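Dropping work_39.txt in here (compact mmCIF, N, CA and C atoms):
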# COMPACT_ATOMS: atom_id res chain seq x y z
N MET I 1 -18.94 -121.23 -180.43
CA MET I 1 -19.79 -122.23 -179.80
C MET I 1 -19.31 -122.51 -178.38
N LYS I 2 -20.24 -122.69 -177.50
CA LYS I 2 -19.97 -122.99 -176.10
C LYS I 2 -19.44 -124.41 -175.96
N GLY I 3 -18.43 -124.59 -175.12
CA GLY I 3 -17.92 -125.92 -174.86
C GLY I 3 -18.85 -126.69 -173.93
N SER I 4 -18.30 -127.64 -173.24
CA SER I 4 -19.07 -128.45 -172.31
C SER I 4 -18.96 -127.88 -170.89
N PHE I 5 -20.01 -128.09 -170.12
CA PHE I 5 -19.96 -127.69 -168.70
C PHE I 5 -18.83 -128.41 -167.99
N LYS I 6 -18.43 -129.57 -168.51
CA LYS I 6 -17.35 -130.34 -167.89
C LYS I 6 -16.01 -129.62 -167.99
N ASP I 7 -15.92 -128.64 -168.90
CA ASP I 7 -14.69 -127.86 -169.05
C ASP I 7 -14.58 -126.76 -167.98
N LEU I 8 -15.66 -126.46 -167.30
CA LEU I 8 -15.66 -125.39 -166.30
C LEU I 8 -14.89 -125.84 -165.05
N ILE I 9 -13.91 -125.05 -164.65
CA ILE I 9 -13.12 -125.36 -163.45
C ILE I 9 -14.03 -125.44 -162.23
N VAL I 10 -15.01 -124.54 -162.15
CA VAL I 10 -15.91 -124.53 -160.99
C VAL I 10 -16.72 -125.83 -160.93
N TRP I 11 -17.13 -126.36 -162.06
CA TRP I 11 -17.86 -127.63 -162.07
C TRP I 11 -16.94 -128.76 -161.61
N GLN I 12 -15.69 -128.77 -162.11
CA GLN I 12 -14.73 -129.79 -161.72
C GLN I 12 -14.47 -129.75 -160.22
N LYS I 13 -14.33 -128.55 -159.67
CA LYS I 13 -14.11 -128.41 -158.22
C LYS I 13 -15.35 -128.85 -157.44
N ALA I 14 -16.53 -128.57 -157.98
CA ALA I 14 -17.77 -128.97 -157.31
C ALA I 14 -17.90 -130.50 -157.27
N VAL I 15 -17.49 -131.16 -158.33
CA VAL I 15 -17.51 -132.63 -158.34
C VAL I 15 -16.50 -133.16 -157.32
N GLU I 16 -15.31 -132.58 -157.30
CA GLU I 16 -14.29 -132.97 -156.32
C GLU I 16 -14.82 -132.77 -154.89
N PHE I 17 -15.48 -131.65 -154.68
CA PHE I 17 -16.05 -131.35 -153.36
C PHE I 17 -17.09 -132.40 -152.97
N SER I 18 -17.96 -132.74 -153.90
CA SER I 18 -18.98 -133.74 -153.61
C SER I 18 -18.36 -135.09 -153.26
N LEU I 19 -17.31 -135.48 -153.97
CA LEU I 19 -16.61 -136.73 -153.65
C LEU I 19 -16.02 -136.67 -152.25
N ASN I 20 -15.47 -135.51 -151.88
CA ASN I 20 -14.93 -135.33 -150.53
C ASN I 20 -16.03 -135.47 -149.48
N ILE I 21 -17.18 -134.90 -149.76
CA ILE I 21 -18.31 -135.02 -148.82
C ILE I 21 -18.76 -136.47 -148.69
N TYR I 22 -18.80 -137.20 -149.78
CA TYR I 22 -19.16 -138.62 -149.71
C TYR I 22 -18.18 -139.38 -148.82
N ARG I 23 -16.89 -139.06 -148.96
CA ARG I 23 -15.89 -139.73 -148.12
C ARG I 23 -16.05 -139.36 -146.65
N LEU I 24 -16.28 -138.08 -146.40
CA LEU I 24 -16.48 -137.63 -145.01
C LEU I 24 -17.71 -138.28 -144.38
N THR I 25 -18.79 -138.31 -145.12
CA THR I 25 -20.04 -138.83 -144.55
C THR I 25 -20.01 -140.35 -144.37
N ALA I 26 -19.10 -141.02 -145.04
CA ALA I 26 -18.98 -142.47 -144.86
C ALA I 26 -18.61 -142.80 -143.42
N ALA I 27 -18.00 -141.84 -142.72
CA ALA I 27 -17.58 -142.06 -141.34
C ALA I 27 -18.67 -141.70 -140.32
N LEU I 28 -19.78 -141.16 -140.79
CA LEU I 28 -20.86 -140.82 -139.85
C LEU I 28 -21.53 -142.09 -139.33
N PRO I 29 -22.11 -142.02 -138.14
CA PRO I 29 -22.77 -143.21 -137.59
C PRO I 29 -24.00 -143.59 -138.41
N PRO I 30 -24.36 -144.87 -138.38
CA PRO I 30 -25.53 -145.34 -139.14
C PRO I 30 -26.81 -144.57 -138.81
N SER I 31 -26.91 -144.06 -137.60
CA SER I 31 -28.11 -143.31 -137.20
C SER I 31 -28.28 -142.03 -138.02
N GLU I 32 -27.22 -141.58 -138.68
CA GLU I 32 -27.27 -140.36 -139.50
C GLU I 32 -27.49 -140.64 -140.98
N GLN I 33 -27.73 -141.90 -141.33
CA GLN I 33 -27.90 -142.26 -142.74
C GLN I 33 -29.00 -141.43 -143.41
N PHE I 34 -30.10 -141.21 -142.72
CA PHE I 34 -31.21 -140.46 -143.29
C PHE I 34 -31.26 -139.03 -142.77
N GLY I 35 -30.22 -138.64 -142.04
CA GLY I 35 -30.12 -137.28 -141.52
C GLY I 35 -29.02 -136.53 -142.23
N LEU I 36 -27.95 -136.25 -141.50
CA LEU I 36 -26.86 -135.46 -142.05
C LEU I 36 -26.19 -136.09 -143.26
N THR I 37 -26.03 -137.40 -143.26
CA THR I 37 -25.39 -138.06 -144.41
C THR I 37 -26.16 -137.74 -145.68
N ASN I 38 -27.45 -138.00 -145.65
CA ASN I 38 -28.30 -137.76 -146.82
C ASN I 38 -28.32 -136.29 -147.20
N GLN I 39 -28.50 -135.42 -146.23
CA GLN I 39 -28.58 -133.98 -146.49
C GLN I 39 -27.28 -133.45 -147.09
N LEU I 40 -26.14 -133.81 -146.51
CA LEU I 40 -24.86 -133.34 -147.01
C LEU I 40 -24.58 -133.84 -148.41
N ARG I 41 -24.87 -135.09 -148.65
CA ARG I 41 -24.62 -135.64 -149.98
C ARG I 41 -25.50 -134.99 -151.03
N ARG I 42 -26.78 -134.84 -150.72
CA ARG I 42 -27.70 -134.24 -151.69
C ARG I 42 -27.32 -132.79 -151.98
N ALA I 43 -27.00 -132.04 -150.94
CA ALA I 43 -26.65 -130.63 -151.13
C ALA I 43 -25.34 -130.49 -151.91
N SER I 44 -24.36 -131.34 -151.62
CA SER I 44 -23.08 -131.23 -152.34
C SER I 44 -23.24 -131.61 -153.80
N VAL I 45 -24.02 -132.63 -154.08
CA VAL I 45 -24.28 -133.02 -155.48
C VAL I 45 -25.05 -131.93 -156.20
N SER I 46 -25.91 -131.25 -155.49
CA SER I 46 -26.71 -130.18 -156.06
C SER I 46 -25.85 -129.04 -156.61
N ILE I 47 -24.70 -128.80 -156.01
CA ILE I 47 -23.82 -127.72 -156.46
C ILE I 47 -23.40 -127.97 -157.91
N ALA I 48 -22.76 -129.11 -158.15
CA ALA I 48 -22.31 -129.43 -159.51
C ALA I 48 -23.49 -129.60 -160.47
N SER I 49 -24.57 -130.17 -160.00
CA SER I 49 -25.74 -130.39 -160.86
C SER I 49 -26.34 -129.08 -161.33
N ASN I 50 -26.45 -128.10 -160.43
CA ASN I 50 -27.02 -126.81 -160.82
C ASN I 50 -26.09 -126.03 -161.75
N ILE I 51 -24.79 -126.18 -161.57
CA ILE I 51 -23.85 -125.55 -162.49
C ILE I 51 -24.07 -126.11 -163.90
N ALA I 52 -24.16 -127.43 -163.99
CA ALA I 52 -24.37 -128.08 -165.28
C ALA I 52 -25.72 -127.70 -165.89
N GLU I 53 -26.76 -127.72 -165.08
CA GLU I 53 -28.08 -127.39 -165.59
C GLU I 53 -28.14 -125.94 -166.08
N GLY I 54 -27.56 -125.04 -165.32
CA GLY I 54 -27.53 -123.64 -165.74
C GLY I 54 -26.79 -123.45 -167.04
N TYR I 55 -25.71 -124.19 -167.21
CA TYR I 55 -24.90 -124.08 -168.42
C TYR I 55 -25.72 -124.47 -169.66
N GLY I 56 -26.64 -125.37 -169.48
CA GLY I 56 -27.45 -125.84 -170.59
C GLY I 56 -28.71 -125.03 -170.85
N ARG I 57 -28.96 -124.02 -170.06
CA ARG I 57 -30.16 -123.20 -170.23
C ARG I 57 -30.03 -122.25 -171.41
N ALA I 58 -31.17 -121.77 -171.88
CA ALA I 58 -31.22 -120.98 -173.11
C ALA I 58 -30.76 -119.54 -172.93
N THR I 59 -30.93 -118.97 -171.74
CA THR I 59 -30.60 -117.55 -171.57
C THR I 59 -29.59 -117.38 -170.43
N LYS I 60 -28.91 -116.23 -170.46
CA LYS I 60 -27.97 -115.90 -169.39
C LYS I 60 -28.71 -115.76 -168.07
N GLY I 61 -29.91 -115.20 -168.10
CA GLY I 61 -30.69 -115.04 -166.88
C GLY I 61 -30.99 -116.37 -166.22
N GLU I 62 -31.33 -117.36 -167.02
CA GLU I 62 -31.59 -118.70 -166.48
C GLU I 62 -30.30 -119.31 -165.92
N GLU I 63 -29.20 -119.10 -166.63
CA GLU I 63 -27.92 -119.63 -166.15
C GLU I 63 -27.56 -119.01 -164.81
N VAL I 64 -27.73 -117.71 -164.68
CA VAL I 64 -27.45 -117.02 -163.42
C VAL I 64 -28.33 -117.58 -162.31
N GLN I 65 -29.59 -117.83 -162.62
CA GLN I 65 -30.51 -118.38 -161.62
C GLN I 65 -29.99 -119.72 -161.08
N PHE I 66 -29.55 -120.60 -161.96
CA PHE I 66 -29.07 -121.90 -161.51
C PHE I 66 -27.72 -121.80 -160.79
N LEU I 67 -26.88 -120.85 -161.21
CA LEU I 67 -25.64 -120.62 -160.47
C LEU I 67 -25.97 -120.12 -159.07
N GLY I 68 -27.03 -119.33 -158.94
CA GLY I 68 -27.49 -118.88 -157.63
C GLY I 68 -27.95 -120.04 -156.75
N HIS I 69 -28.63 -121.00 -157.39
CA HIS I 69 -29.04 -122.20 -156.64
C HIS I 69 -27.81 -122.97 -156.15
N ALA I 70 -26.81 -123.07 -157.02
CA ALA I 70 -25.57 -123.76 -156.64
C ALA I 70 -24.91 -123.03 -155.47
N ARG I 71 -24.87 -121.70 -155.54
CA ARG I 71 -24.27 -120.90 -154.45
C ARG I 71 -25.02 -121.13 -153.15
N GLY I 72 -26.34 -121.16 -153.23
CA GLY I 72 -27.14 -121.44 -152.04
C GLY I 72 -26.82 -122.80 -151.44
N SER I 73 -26.58 -123.77 -152.29
CA SER I 73 -26.23 -125.11 -151.80
C SER I 73 -24.89 -125.12 -151.09
N THR I 74 -23.96 -124.23 -151.49
CA THR I 74 -22.69 -124.17 -150.77
C THR I 74 -22.92 -123.73 -149.33
N TRP I 75 -23.83 -122.79 -149.14
CA TRP I 75 -24.14 -122.33 -147.77
C TRP I 75 -24.89 -123.41 -146.99
N GLU I 76 -25.74 -124.15 -147.68
CA GLU I 76 -26.45 -125.25 -147.03
C GLU I 76 -25.45 -126.28 -146.51
N VAL I 77 -24.49 -126.65 -147.33
CA VAL I 77 -23.47 -127.62 -146.92
C VAL I 77 -22.67 -127.10 -145.74
N GLN I 78 -22.29 -125.82 -145.78
CA GLN I 78 -21.50 -125.27 -144.68
C GLN I 78 -22.28 -125.30 -143.37
N THR I 79 -23.56 -125.06 -143.43
CA THR I 79 -24.40 -125.14 -142.23
C THR I 79 -24.43 -126.56 -141.69
N GLN I 80 -24.58 -127.53 -142.57
CA GLN I 80 -24.63 -128.93 -142.15
C GLN I 80 -23.27 -129.39 -141.61
N LEU I 81 -22.19 -128.90 -142.20
CA LEU I 81 -20.86 -129.22 -141.67
C LEU I 81 -20.70 -128.69 -140.25
N ALA I 82 -21.18 -127.47 -140.02
CA ALA I 82 -21.09 -126.87 -138.68
C ALA I 82 -21.87 -127.70 -137.67
N ILE I 83 -23.04 -128.18 -138.06
CA ILE I 83 -23.85 -129.01 -137.16
C ILE I 83 -23.13 -130.32 -136.85
N ALA I 84 -22.54 -130.93 -137.87
CA ALA I 84 -21.82 -132.19 -137.67
C ALA I 84 -20.65 -132.01 -136.71
N ILE I 85 -19.96 -130.89 -136.80
CA ILE I 85 -18.85 -130.60 -135.89
C ILE I 85 -19.36 -130.44 -134.47
N GLU I 86 -20.43 -129.68 -134.31
CA GLU I 86 -21.01 -129.46 -132.98
C GLU I 86 -21.47 -130.77 -132.34
N LEU I 87 -21.89 -131.71 -133.18
CA LEU I 87 -22.32 -133.02 -132.67
C LEU I 87 -21.13 -133.94 -132.42
N GLY I 88 -19.92 -133.48 -132.76
CA GLY I 88 -18.72 -134.25 -132.49
C GLY I 88 -18.42 -135.33 -133.51
N PHE I 89 -18.98 -135.24 -134.71
CA PHE I 89 -18.77 -136.28 -135.71
C PHE I 89 -17.43 -136.18 -136.42
N TRP I 90 -16.87 -134.97 -136.56
CA TRP I 90 -15.60 -134.79 -137.24
C TRP I 90 -14.73 -133.81 -136.48
N SER I 91 -13.49 -133.79 -136.88
CA SER I 91 -12.56 -132.81 -136.31
C SER I 91 -12.76 -131.47 -137.00
N VAL I 92 -12.32 -130.43 -136.34
CA VAL I 92 -12.38 -129.09 -136.93
C VAL I 92 -11.54 -129.05 -138.21
N GLU I 93 -10.42 -129.79 -138.24
CA GLU I 93 -9.56 -129.82 -139.42
C GLU I 93 -10.30 -130.38 -140.63
N SER I 94 -11.08 -131.44 -140.42
CA SER I 94 -11.86 -132.03 -141.52
C SER I 94 -12.86 -131.02 -142.06
N ARG I 95 -13.50 -130.32 -141.16
CA ARG I 95 -14.48 -129.32 -141.57
C ARG I 95 -13.79 -128.18 -142.30
N CYS I 96 -12.66 -127.71 -141.79
CA CYS I 96 -11.95 -126.59 -142.42
C CYS I 96 -11.52 -126.93 -143.84
N ALA I 97 -11.04 -128.14 -144.06
CA ALA I 97 -10.63 -128.55 -145.40
C ALA I 97 -11.83 -128.54 -146.35
N ALA I 98 -12.94 -129.08 -145.89
CA ALA I 98 -14.14 -129.09 -146.73
C ALA I 98 -14.66 -127.68 -146.96
N GLU I 99 -14.68 -126.88 -145.92
CA GLU I 99 -15.18 -125.50 -146.05
C GLU I 99 -14.29 -124.67 -146.98
N GLY I 100 -13.00 -124.91 -146.97
CA GLY I 100 -12.10 -124.15 -147.83
C GLY I 100 -12.45 -124.33 -149.30
N LEU I 101 -12.66 -125.57 -149.71
CA LEU I 101 -13.03 -125.84 -151.09
C LEU I 101 -14.42 -125.29 -151.39
N CYS I 102 -15.32 -125.43 -150.44
CA CYS I 102 -16.68 -124.91 -150.61
C CYS I 102 -16.67 -123.39 -150.78
N ASP I 103 -15.86 -122.71 -149.97
CA ASP I 103 -15.72 -121.24 -150.09
C ASP I 103 -15.19 -120.86 -151.46
N GLU I 104 -14.18 -121.58 -151.92
CA GLU I 104 -13.60 -121.29 -153.23
C GLU I 104 -14.64 -121.44 -154.34
N ILE I 105 -15.41 -122.50 -154.27
CA ILE I 105 -16.47 -122.72 -155.26
C ILE I 105 -17.48 -121.57 -155.20
N GLY I 106 -17.85 -121.17 -154.00
CA GLY I 106 -18.80 -120.07 -153.84
C GLY I 106 -18.29 -118.78 -154.47
N ARG I 107 -17.03 -118.47 -154.25
CA ARG I 107 -16.43 -117.26 -154.85
C ARG I 107 -16.42 -117.35 -156.37
N MET I 108 -16.12 -118.52 -156.88
CA MET I 108 -16.11 -118.71 -158.34
C MET I 108 -17.51 -118.53 -158.92
N LEU I 109 -18.50 -119.02 -158.21
CA LEU I 109 -19.89 -118.88 -158.68
C LEU I 109 -20.31 -117.41 -158.72
N VAL I 110 -19.95 -116.67 -157.68
CA VAL I 110 -20.27 -115.24 -157.65
C VAL I 110 -19.61 -114.53 -158.82
N ALA I 111 -18.36 -114.85 -159.09
CA ALA I 111 -17.64 -114.22 -160.21
C ALA I 111 -18.32 -114.56 -161.54
N MET I 112 -18.75 -115.80 -161.70
CA MET I 112 -19.44 -116.19 -162.93
C MET I 112 -20.76 -115.44 -163.09
N MET I 113 -21.49 -115.31 -161.99
CA MET I 113 -22.78 -114.60 -162.05
C MET I 113 -22.56 -113.14 -162.43
N LYS I 114 -21.56 -112.51 -161.85
CA LYS I 114 -21.26 -111.11 -162.17
C LYS I 114 -20.90 -110.97 -163.65
N LYS I 115 -20.09 -111.88 -164.15
CA LYS I 115 -19.68 -111.83 -165.56
C LYS I 115 -20.89 -112.00 -166.48
N LEU I 116 -21.77 -112.93 -166.16
CA LEU I 116 -22.95 -113.18 -167.00
C LEU I 116 -23.92 -112.00 -166.99
N ARG I 117 -23.99 -111.34 -165.85
CA ARG I 117 -24.90 -110.18 -165.74
C ARG I 117 -24.34 -108.99 -166.51
N GLY I 118 -23.03 -109.03 -166.76
CA GLY I 118 -22.36 -108.00 -167.56
C GLY I 118 -22.33 -106.69 -166.94
Go ahead and express the file in the form of structure tokens.
Amino acid sequence: MKGSFKDLIVWQKAVEFSLNIYRLTAALPPSEQFGLTNQLRRASVSIASNIAEGYGRATKGEEVQFLGHARGSTWEVQTQLAIAIELGFWSVESRCAAEGLCDEIGRMLVAMMKKLRG
């Protein structure tokens, strides 16, 4: 029997990543509340959410599809981080720390998809 999605290291890292994004975006100016703040938070939450949703799907193909959505969200977040840096909202170090975890999650997702495809 399959355990819980909460047991997946990639899901745990995705939740940690989302919490980091929430902390980073708390420092953004109020003018970004409905811009980058909202976009970054939604995309980061989407990573863990899609991992969980895929885990609960009936077929491996559906699970792979949702893991693909999660992987796409990692790239979305990285794009938004790059924009925030260019706008001068954070230091390069802040971005690098966030991107490092995001990259790791992305690699883990690719490995999971390959394994599921067999």
Close residues, Leu81 of chain I itself excluded, 10 Å, only C-alpha atoms, min 4 positions apart in chain, as a count of residues only: 17
Shell of 6 Å around segment 4-16 of chain I, all atoms listed in the file, local chain residues under 4 positions omitted, as a ChimeraX atom specification: /I:20,47-48,52
DSSP alpha helix (DSSP H) selection over segment 28-108 of chain I, as a ChimeraX atom specification: /I:36-55,60-86,92-108
Best match for closeness to Asp103 of chain I among I:Thr79, I:Lys2, I:Ser31, I:Thr74, counting all atoms listed in the file: I:Thr74
Length of the atom CA of Gln39 of chain I to atom C of Glu53 of chain I vector [Å]: 21.2 Å
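Atom C of Arg71 of chain I lies 9.0 Å from atom C of Cys102 of chain I.
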Exercise: Asn50 of chain I partners within 6 Å, only N, CA and C atoms, chain neighbours under 5 positions left out, as a PyMOL selection string: chain I and resi 45+55+66-67+70
Distance of atom N of Glu32 of chain I from atom N of Glu93 of chain I, expressed in Å to one decimal place: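 Answer for the atom N of Glu93 of chain I to atom N of Glu32 of chain I separation: 20.5 Å.
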